[in-house]
file upload39.cif (mmCIF, C-alpha atoms)
data_start
loop_
_atom_site.label_atom_id
_atom_site.label_comp_id
_atom_site.auth_asym_id
_atom_site.auth_seq_id
_atom_site.Cartn_x
_atom_site.Cartn_y
_atom_site.Cartn_z
CA MET P 3 -9.74 -27.22 -48.59
CA ALA P 4 -6.29 -26.36 -47.22
CA SER P 5 -7.33 -22.78 -46.58
CA SER P 6 -10.53 -23.88 -44.87
CA SER P 7 -8.67 -26.36 -42.70
CA SER P 8 -6.10 -23.76 -41.70
CA SER P 9 -8.82 -21.27 -40.80
CA SER P 10 -10.64 -23.88 -38.74
CA CYS P 11 -7.45 -24.77 -36.91
CA CYS P 12 -6.79 -21.10 -36.17
CA GLU P 13 -10.30 -20.51 -34.81
CA SER P 14 -10.14 -23.67 -32.72
CA SER P 15 -6.74 -22.75 -31.29
CA CYS P 16 -7.81 -19.19 -30.49
CA GLU P 17 -10.84 -20.55 -28.67
CA ALA P 18 -8.60 -22.96 -26.77
CA LEU P 19 -6.36 -20.05 -25.82
CA SER P 20 -9.32 -18.02 -24.56
CA VAL P 21 -10.56 -20.93 -22.47
CA ALA P 22 -7.07 -21.64 -21.15
CA LEU P 23 -6.52 -18.02 -20.20
CA SER P 24 -9.86 -17.76 -18.45
CA SER P 25 -8.83 -20.83 -16.48
CA VAL P 26 -5.57 -19.14 -15.49
CA ALA P 27 -7.50 -16.01 -14.56
CA LEU P 28 -9.69 -18.22 -12.39
CA ASN P 29 -6.83 -19.70 -10.46
CA SER P 30 -3.84 -17.36 -10.66
CA LYS P 31 -4.28 -15.61 -7.33
CA SER P 32 -4.93 -18.76 -5.34
CA ALA P 33 -2.01 -20.46 -7.10
CA PHE P 34 0.21 -17.62 -5.93
CA GLY P 35 -0.91 -18.11 -2.36
CA LYS P 36 -3.67 -15.49 -2.20
CA THR P 37 -7.37 -16.18 -1.72
CA ALA P 38 -9.08 -14.96 -4.87
CA THR P 39 -12.12 -15.09 -7.09
CA ALA P 40 -12.66 -16.93 -10.31
CA ALA P 41 -13.07 -14.97 -13.53
CA GLY P 42 -16.29 -13.59 -12.23
CA GLY P 43 -16.51 -16.58 -9.89
CA ALA P 44 -16.83 -17.12 -6.19
CA ALA P 45 -14.10 -16.26 -3.74
CA SER P 46 -12.74 -18.90 -1.42
CA PRO P 47 -14.88 -18.29 1.67
CA ASP P 48 -13.59 -17.51 5.08
CA PRO P 49 -13.80 -20.71 7.18
CA SER P 50 -15.72 -18.91 9.91
CA SER P 51 -18.26 -17.28 7.59
CA SER P 52 -21.78 -18.47 6.84
CA ALA P 53 -20.77 -18.76 3.20
CA HIS P 54 -18.49 -21.64 4.23
CA ARG P 55 -21.24 -23.50 6.02
CA ASP P 56 -24.22 -22.88 3.78
CA PRO P 57 -24.67 -24.98 0.64
CA LYS P 58 -25.57 -21.85 -1.38
CA PRO P 59 -22.85 -19.15 -1.14
CA HIS P 60 -23.70 -15.59 -0.16
CA PHE P 61 -21.89 -13.04 -2.27
CA PRO P 62 -21.07 -9.60 -0.88
CA GLN P 63 -22.89 -6.55 -2.16
CA PHE P 64 -20.28 -4.63 -4.08
CA LEU P 65 -19.55 -1.22 -2.70
CA SER P 66 -19.05 0.95 -5.76
CA PRO P 67 -21.34 4.01 -5.68
CA THR P 68 -20.52 4.42 -9.36
CA SER P 69 -20.89 0.82 -10.40
CA PRO P 70 -20.01 0.35 -14.11
CA SER P 71 -22.89 -0.13 -16.49
CA ASN P 72 -23.02 -2.53 -19.42
CA ASP P 73 -22.30 0.29 -21.86
CA HIS P 74 -18.72 -0.50 -22.83
CA ASN P 75 -18.17 2.96 -24.29
CA SER P 76 -18.74 4.54 -20.90
CA HIS P 77 -15.85 2.47 -19.49
CA HIS P 78 -13.25 3.18 -22.09
CA PRO P 79 -12.70 6.87 -22.85
CA THR P 80 -10.44 7.32 -25.86
CA ASN P 81 -8.31 9.94 -24.10
CA PRO P 82 -8.42 10.27 -20.31
CA LEU P 83 -6.60 13.60 -20.47
CA ASN P 84 -9.48 15.18 -22.38
CA GLY P 85 -11.93 14.66 -19.52
CA SER P 86 -13.16 17.65 -17.59
CA SER P 87 -11.69 17.88 -14.09
CA SER P 88 -12.18 20.60 -11.56
CA ASN P 89 -9.49 21.68 -9.13
CA THR P 90 -9.76 18.44 -7.19
CA THR P 91 -7.30 16.01 -5.69
CA SER P 92 -7.91 12.26 -5.82
CA LEU P 93 -6.12 9.17 -4.57
CA ILE P 94 -5.58 6.05 -6.65
CA TRP P 95 -5.11 3.19 -4.20
CA PHE P 96 -3.16 0.38 -5.86
CA ARG P 97 -3.83 -3.10 -4.56
CA ASN P 98 -3.58 -6.28 -6.67
CA ASP P 99 -3.51 -4.15 -9.82
CA LEU P 100 0.16 -3.16 -10.01
CA ARG P 101 0.09 -1.96 -13.61
CA ILE P 102 -0.73 1.11 -15.68
CA HIS P 103 -2.13 -0.72 -18.73
CA ASP P 104 -5.79 -1.80 -18.70
CA ASN P 105 -6.32 -0.17 -15.31
CA GLU P 106 -9.79 1.38 -15.16
CA ALA P 107 -9.34 2.78 -11.66
CA LEU P 108 -6.26 4.68 -12.84
CA PHE P 109 -8.07 5.80 -15.99
CA ARG P 110 -11.02 7.20 -14.05
CA ALA P 111 -8.91 8.89 -11.40
CA ASN P 112 -6.68 10.48 -14.03
CA THR P 113 -9.70 11.73 -15.99
CA ASP P 114 -11.68 13.16 -13.10
CA SER P 115 -8.94 14.91 -11.13
CA ALA P 116 -6.69 17.93 -11.34
CA PHE P 117 -4.12 16.30 -9.04
CA LEU P 118 -3.55 12.61 -8.42
CA ILE P 119 -1.82 10.79 -5.56
CA PRO P 120 -1.04 7.12 -6.28
CA ILE P 121 -0.53 5.15 -3.07
CA TYR P 122 0.36 1.57 -2.16
CA CYS P 123 0.35 0.08 1.33
CA PHE P 124 2.40 -2.88 2.51
CA ASP P 125 -0.14 -4.21 4.99
CA PRO P 126 1.63 -5.85 7.98
CA ARG P 127 -1.24 -8.35 8.22
CA ASP P 128 -0.17 -9.82 4.86
CA PHE P 129 3.24 -10.69 6.29
CA GLY P 130 2.16 -12.31 9.54
CA LYS P 131 0.86 -15.76 10.38
CA SER P 132 -2.41 -17.13 9.04
CA ALA P 133 -5.10 -17.46 11.69
CA SER P 134 -6.18 -20.93 10.61
CA MET P 135 -2.85 -22.69 9.94
CA GLY P 136 -0.29 -20.61 11.79
CA VAL P 137 2.02 -20.47 8.77
CA ASP P 138 3.57 -17.45 7.11
CA LYS P 139 1.15 -15.69 4.77
CA THR P 140 4.06 -14.36 2.73
CA GLY P 141 7.53 -15.84 2.51
CA PRO P 142 10.69 -13.92 1.59
CA TYR P 143 10.71 -14.93 -2.09
CA ARG P 144 7.14 -13.90 -2.64
CA ALA P 145 7.69 -10.68 -0.69
CA LEU P 146 10.74 -9.86 -2.81
CA PHE P 147 8.67 -10.45 -5.95
CA LEU P 148 6.03 -8.05 -4.62
CA ILE P 149 8.64 -5.39 -3.81
CA GLU P 150 9.93 -5.67 -7.38
CA CYS P 151 6.38 -5.27 -8.71
CA VAL P 152 5.86 -2.12 -6.66
CA ALA P 153 9.27 -0.72 -7.65
CA ASN P 154 8.47 -1.19 -11.34
CA LEU P 155 5.06 0.44 -10.89
CA ARG P 156 6.71 3.46 -9.30
CA GLU P 157 9.18 3.68 -12.19
CA ASN P 158 6.38 3.54 -14.78
CA LEU P 159 4.39 6.20 -12.94
CA ARG P 160 7.42 8.50 -12.72
CA GLN P 161 7.98 8.16 -16.46
CA ARG P 162 4.50 9.65 -16.93
CA GLY P 163 4.90 12.59 -14.59
CA SER P 164 3.59 11.03 -11.38
CA ASP P 165 5.01 9.02 -8.48
CA LEU P 166 3.97 6.35 -6.00
CA VAL P 167 3.53 7.02 -2.30
CA LEU P 168 4.61 4.01 -0.25
CA ARG P 169 3.53 3.21 3.27
CA ILE P 170 3.92 0.27 5.63
CA GLY P 171 0.66 0.11 7.53
CA LYS P 172 -3.00 -0.76 7.42
CA PRO P 173 -4.78 0.73 4.37
CA GLU P 174 -7.76 1.77 6.48
CA GLU P 175 -5.33 4.02 8.37
CA GLU P 176 -2.79 5.03 5.71
CA VAL P 177 -5.17 5.61 2.79
CA VAL P 178 -7.71 7.44 4.93
CA GLY P 179 -4.98 9.51 6.56
CA MET P 180 -3.49 10.46 3.19
CA ALA P 181 -6.91 11.43 1.83
CA LYS P 182 -7.54 13.62 4.86
CA GLY P 183 -4.11 15.26 4.79
CA ALA P 184 -4.29 15.99 1.05
CA GLY P 185 -7.86 17.24 1.15
CA ALA P 186 -8.86 14.63 -1.43
CA SER P 187 -12.41 14.44 -2.70
CA SER P 188 -12.27 10.83 -3.96
CA VAL P 189 -10.35 7.58 -3.60
CA TYR P 190 -10.31 5.20 -6.57
CA ALA P 191 -9.46 1.50 -6.27
CA HIS P 192 -10.12 -1.90 -7.74
CA GLN P 193 -12.37 -4.16 -5.72
CA GLU P 194 -11.32 -7.45 -4.23
CA VAL P 195 -13.69 -10.25 -3.26
CA SER P 196 -12.06 -12.36 -0.58
CA HIS P 197 -13.25 -11.98 2.98
CA GLU P 198 -10.42 -10.00 4.58
CA GLU P 199 -10.08 -7.58 1.68
CA PHE P 200 -13.83 -7.01 1.50
CA GLU P 201 -14.08 -6.25 5.20
CA MET P 202 -11.19 -3.81 4.86
CA GLU P 203 -12.95 -2.08 1.93
CA LYS P 204 -16.02 -1.54 4.06
CA THR P 205 -13.91 -0.02 6.84
CA VAL P 206 -12.09 2.26 4.39
CA GLN P 207 -15.34 3.40 2.78
CA GLU P 208 -16.99 4.11 6.13
CA SER P 209 -13.98 6.09 7.37
CA LEU P 210 -13.75 8.07 4.14
CA GLY P 211 -17.47 8.79 4.27
CA LYS P 212 -17.09 10.44 7.67
CA LEU P 213 -14.57 12.79 6.05
CA GLY P 214 -16.84 13.53 3.11
CA VAL P 215 -14.53 11.63 0.74
CA GLU P 216 -16.12 9.34 -1.85
CA ALA P 217 -14.77 5.82 -2.32
CA LYS P 218 -15.06 4.76 -5.96
CA PHE P 219 -14.45 1.05 -6.50
CA VAL P 220 -14.27 -0.50 -9.97
CA TRP P 221 -14.00 -4.07 -11.21
CA GLY P 222 -10.99 -5.17 -13.22
CA SER P 223 -9.17 -8.29 -12.04
CA THR P 224 -10.85 -10.93 -14.19
CA LEU P 225 -11.02 -11.77 -17.88
CA PHE P 226 -14.79 -11.28 -18.05
CA HIS P 227 -16.36 -8.28 -16.37
CA ARG P 228 -18.84 -9.26 -13.65
CA ASP P 229 -21.54 -7.01 -15.21
CA ASP P 230 -21.29 -9.00 -18.47
CA LEU P 231 -21.98 -12.40 -16.92
CA PRO P 232 -25.20 -14.01 -18.25
CA PHE P 233 -26.23 -14.95 -14.71
CA GLN P 234 -26.27 -13.48 -11.20
CA LEU P 235 -23.24 -14.16 -9.01
CA GLU P 236 -25.49 -16.17 -6.68
CA ASP P 237 -26.22 -18.49 -9.64
CA MET P 238 -22.58 -19.12 -10.47
CA PRO P 239 -22.21 -22.59 -12.05
CA SER P 240 -20.55 -25.05 -9.72
CA SER P 241 -18.47 -26.63 -12.49
CA TYR P 242 -16.01 -24.92 -14.81
CA CYS P 243 -17.37 -26.73 -17.88
CA THR P 244 -20.80 -25.20 -17.30
CA PHE P 245 -19.25 -21.82 -16.59
CA ARG P 246 -17.27 -22.00 -19.83
CA THR P 247 -20.32 -23.01 -21.85
CA LYS P 248 -22.44 -20.14 -20.52
CA LEU P 249 -19.71 -17.62 -21.35
CA ARG P 250 -18.96 -18.93 -24.83
CA ASN P 251 -20.75 -16.01 -26.52
CA VAL P 252 -19.77 -13.32 -23.99
CA GLN P 253 -17.41 -10.69 -25.36
CA VAL P 254 -14.25 -9.83 -23.45
CA ARG P 255 -14.11 -6.07 -23.02
CA PRO P 256 -11.53 -4.01 -24.92
CA VAL P 257 -8.14 -3.35 -23.36
CA LEU P 258 -7.43 0.10 -21.95
CA GLU P 259 -4.09 1.40 -23.16
CA ALA P 260 -1.58 2.75 -20.68
CA PRO P 261 -1.92 6.54 -20.36
CA LYS P 262 0.96 8.48 -21.87
CA GLU P 263 0.69 11.19 -19.24
CA LEU P 264 -0.66 11.32 -15.71
CA LYS P 265 -1.84 14.14 -13.50
CA SER P 266 0.86 15.31 -11.12
CA LEU P 267 0.95 15.09 -7.36
CA PRO P 268 -0.29 18.19 -5.54
CA SER P 269 2.34 20.62 -4.30
CA LEU P 270 2.42 19.41 -0.73
CA SER P 271 5.68 20.33 0.93
CA THR P 272 5.10 17.74 3.62
CA LEU P 273 4.31 14.83 1.28
CA ASP P 274 6.92 12.13 1.76
CA VAL P 275 6.60 9.51 -0.98
CA GLY P 276 8.49 6.96 1.10
CA ALA P 277 11.19 4.44 0.26
CA LEU P 278 10.86 0.87 -0.93
CA PRO P 279 10.91 -1.46 2.07
CA THR P 280 13.40 -4.24 2.60
CA LEU P 281 12.46 -7.74 3.69
CA GLN P 282 13.53 -6.79 7.21
CA ASP P 283 11.24 -3.75 7.12
CA LEU P 284 8.36 -6.16 6.50
CA GLY P 285 9.39 -8.37 9.41
CA LEU P 286 10.76 -11.13 7.17
CA PRO P 287 14.15 -12.86 7.21
CA SER P 288 16.64 -12.53 4.40
CA LEU P 289 16.54 -15.03 1.57
CA PRO P 290 17.46 -18.48 2.93
CA ASP P 291 20.98 -19.75 2.40
CA GLY P 292 21.60 -22.34 -0.25
CA GLN P 293 22.72 -25.90 0.41
CA ASP P 294 26.09 -26.58 2.07
CA GLY P 295 26.50 -22.98 3.16
CA ASP P 296 26.21 -21.52 -0.35
CA ALA P 297 24.99 -17.99 -0.81
CA ALA P 298 21.26 -17.37 -0.84
CA LYS P 299 19.58 -18.66 -3.96
CA GLU P 300 18.52 -15.83 -6.23
CA PRO P 301 14.91 -15.77 -7.45
CA THR P 302 14.37 -17.26 -10.90
CA ILE P 303 11.53 -14.83 -11.72
CA HIS P 304 11.27 -11.11 -11.25
CA GLY P 305 8.25 -8.95 -10.58
CA GLY P 306 6.83 -6.00 -12.43
CA GLU P 307 4.62 -4.97 -15.32
CA THR P 308 7.62 -4.51 -17.61
CA GLU P 309 8.75 -8.09 -17.00
CA ALA P 310 5.21 -9.39 -17.51
CA LEU P 311 4.90 -7.69 -20.90
CA ARG P 312 8.34 -9.01 -21.86
CA ILE P 313 7.11 -12.54 -21.13
CA ILE P 314 4.08 -11.94 -23.36
CA ILE P 315 6.44 -10.95 -26.17
CA SER P 316 8.37 -14.19 -25.68
CA ILE P 317 5.13 -16.16 -25.86
CA ASP P 318 4.23 -14.21 -29.00
CA ALA P 319 7.50 -15.38 -30.52
CA LEU P 320 6.68 -18.98 -29.57
CA LEU P 321 3.34 -18.71 -31.33
CA MET P 322 4.72 -17.00 -34.42
CA ASN P 323 7.63 -19.41 -34.87
CA SER P 324 5.74 -22.67 -34.31
CA LYS P 325 3.72 -24.70 -36.73
CA ASP P 326 -0.05 -24.58 -36.30
CA LYS P 327 -0.32 -28.15 -35.03
CA GLU P 328 2.47 -27.64 -32.49
CA VAL P 329 1.00 -24.37 -31.25
CA HIS P 330 -2.48 -25.87 -30.95
CA HIS P 331 -1.06 -28.71 -28.85
CA ASP P 332 0.94 -26.32 -26.66
CA VAL P 333 -2.03 -24.01 -26.10
CA GLY P 334 -4.44 -26.85 -25.44
CA THR P 335 -2.34 -28.97 -23.11
CA SER P 336 0.59 -27.05 -21.65
CA PHE P 337 -0.84 -23.68 -20.68
CA GLY P 338 0.13 -22.92 -17.11
CA ILE P 339 2.40 -25.98 -16.93
CA ASN P 340 5.07 -25.14 -19.48
CA PRO P 341 7.33 -22.61 -17.69
CA ALA P 342 7.20 -20.38 -20.79
CA TRP P 343 3.47 -19.98 -20.20
CA ASN P 344 3.46 -19.68 -16.41
CA VAL P 345 2.21 -16.14 -15.87
CA SER P 346 0.27 -16.76 -12.66
CA PRO P 347 2.46 -14.59 -10.36
CA TRP P 348 2.05 -11.55 -12.62
CA LEU P 349 -1.68 -12.10 -12.99
CA ALA P 350 -2.04 -12.52 -9.23
CA THR P 351 -0.33 -9.22 -8.44
CA GLY P 352 -2.09 -7.47 -11.30
CA CYS P 353 1.11 -6.69 -13.20
CA LEU P 354 -0.59 -8.26 -16.19
CA SER P 355 -4.20 -7.87 -17.23
CA PRO P 356 -5.93 -11.10 -18.37
CA ARG P 357 -7.60 -9.08 -21.13
CA ARG P 358 -4.26 -7.74 -22.35
CA MET P 359 -2.78 -11.22 -22.47
CA LEU P 360 -5.74 -12.67 -24.36
CA HIS P 361 -5.76 -9.74 -26.80
CA GLU P 362 -2.02 -9.98 -27.51
CA LEU P 363 -1.91 -13.73 -27.99
CA THR P 364 -5.06 -14.12 -30.06
CA GLU P 365 -4.06 -11.22 -32.29
CA LYS P 366 -0.61 -12.67 -32.94
CA TYR P 367 -1.80 -16.23 -33.42
CA SER P 368 -4.72 -15.31 -35.70
CA ARG P 369 -2.17 -13.95 -38.19
#
call {"tool": "encode", "arguments": {"input": "upload39.cif", "output": "structure tokens"}}
result
Amino acid sequence: MASSSSSSCCESSCEALSVALSSVALNSKSAFGKTATAAGGAASPDPSSSAHRDPKPHFPQFLSPTSPSNDHNSHHPTNPLNGSSSNTTSLIWFRNDLRIHDNEALFRANTDSAFLIPIYCFDPRDFGKSASMGVDKTGPYRALFLIECVANLRENLRQRGSDLVLRIGKPEEEVVGMAKGAGASSVYAHQEVSHEEFEMEKTVQESLGKLGVEAKFVWGSTLFHRDDLPFQLEDMPSSYCTFRTKLRNVQVRPVLEAPKELKSLPSLSTLDVGALPTLQDLGLPSLPDGQDGDAAKEPTIHGGETEALRIIISIDALLMNSKDKEVHHDVGTSFGINPAWNVSPWLATGCLSPRRMLHELTEKYSR
């Protein structure tokens, strides 16, 4: 009986963890101050759009000309370096996916290309005032966190034989201009779903099409893949309980491991990879001074994939060193509230994959 009870507790706790994580994946981007989709769910609509006024939301038609199928094996090649690639140059446009692990866009670009140019754009529109409220879209602390995320991504890419091109400018200008200048045949990127990002994707794809460059968008920001949902996006349940029930038997896709080696940048003598921007470069003030004239308060969290994976290890230790009943209570009631579990900023910027987190924690706890 003791063994059966322990097994039941483990299964129940793992299910609670999966549900809790899918809830975090639903809300992490909006919690971090960015309009975002649920784990396969609806994006917060633009106030001026028809989706905001109509009782039944209208979901955008996703742009990917190579939309992933439901065959999981086609998504997860065992070795991206074994793929056949002609003498082609591709861009991988990083957005809210600032990681090298479980990154399908990076996997595909690395497999299909002879040369690869990773690029990230600090879009000035993300650092201005919101049109509806007139408040800053990004404050100095959040911007500093983002800069740290990008810096860590560049470091991880360099360790694998690549680099990260940095630009301050609109992606529809910088990405398209880089593709044209490098003679790229394709641009790979993860799709977003909120209004501004989707409109920008359409502009980028149209501009690339005029140059004969193919835009290849893939899906990868949520715990469950949109193609695996047991309903159409237009039929998204309005309550999370119903959403959770419908997805109870849906498998979360396997995690893509970080590539050990990446294709190099092309030998372009004029390619300037760019420097990391400062807060002032982004039009933001320095960190605010502390109380009573004290020095500026340093951030309590730091950005980057490396830091995100370190936090997962610390959560692993919490699970492994706690009694089953304590862990079950912590997973079921404190996820996202207990600071030790608060991973929303790293999920929002894509430094951490929801699938990777679920895989790591369930594997450790099931032991």
call {"tool": "residues_around", "arguments": {"input": "upload39.cif", "residues": "Leu249 of chain P", "least_positions_apart": "5", "cutoff": "10 Å", "atoms": "all atoms listed in the file", "output": "list in words"}}
result
Val21, Phe226, Asp230, Leu231, Pro232, Phe233, Thr244 and Val254 of chain P
call {"tool": "write_last_selection", "arguments": {"input": "upload39.cif", "atoms": "C-alpha atoms", "output": "tab-separated table (two decimals), in the frame of the given file"}}
result
chain	number	residue	atom	x	y	z
P	21	VAL	CA	-10.56	-20.93	-22.47
P	226	PHE	CA	-14.79	-11.28	-18.05
P	230	ASP	CA	-21.29	-9.00	-18.47
P	231	LEU	CA	-21.98	-12.40	-16.92
P	232	PRO	CA	-25.20	-14.01	-18.25
P	233	PHE	CA	-26.23	-14.95	-14.71
P	244	THR	CA	-20.80	-25.20	-17.30
P	254	VAL	CA	-14.25	-9.83	-23.45
call {"tool": "residues_around", "arguments": {"input": "upload39.cif", "residues": "Ser164 of chain P", "least_positions_apart": "2", "cutoff": "7 Å", "atoms": "all atoms listed in the file", "output": "ChimeraX atom specification"}}
result
/P:159-160,162,264-267
call {"tool": "write_last_selection", "arguments": {"input": "upload39.cif", "atoms": "C-alpha atoms", "output": "mmCIF file, keeping the file's coordinate frame"}}
result
data_model
loop_
_atom_site.group_PDB
_atom_site.id
_atom_site.type_symbol
_atom_site.label_atom_id
_atom_site.label_comp_id
_atom_site.auth_asym_id
_atom_site.auth_seq_id
_atom_site.Cartn_x
_atom_site.Cartn_y
_atom_site.Cartn_z
ATOM 1 C CA LEU P 159 4.390 6.200 -12.940
ATOM 2 C CA ARG P 160 7.420 8.500 -12.720
ATOM 3 C CA ARG P 162 4.500 9.650 -16.930
ATOM 4 C CA LEU P 264 -0.660 11.320 -15.710
ATOM 5 C CA LYS P 265 -1.840 14.140 -13.500
ATOM 6 C CA SER P 266 0.860 15.310 -11.120
ATOM 7 C CA LEU P 267 0.950 15.090 -7.360
#
call {"tool": "resolve_selection", "arguments": {"input": "upload39.cif", "expression": "the PyMOL selection byres ((chain P and resi 220) around 6)", "output": "list in words"}}
result
His192, Gln193, Phe219 and Trp221 of chain P
call {"tool": "atom_distance", "arguments": {"input": "upload39.cif", "atom1": "atom CA of Tyr143 of chain P", "atom2": "atom CA of Leu108 of chain P"}}
result
28.1 Å
call {"tool": "residues_near_point", "arguments": {"input": "upload39.cif", "point": "(12.3, 0.3, -8.1)", "cutoff": "12 Å", "atoms": "all atoms listed in the file", "output": "PyMOL selection string"}}
result
chain P and resi 146-160+165-166+168+276-280+304-308
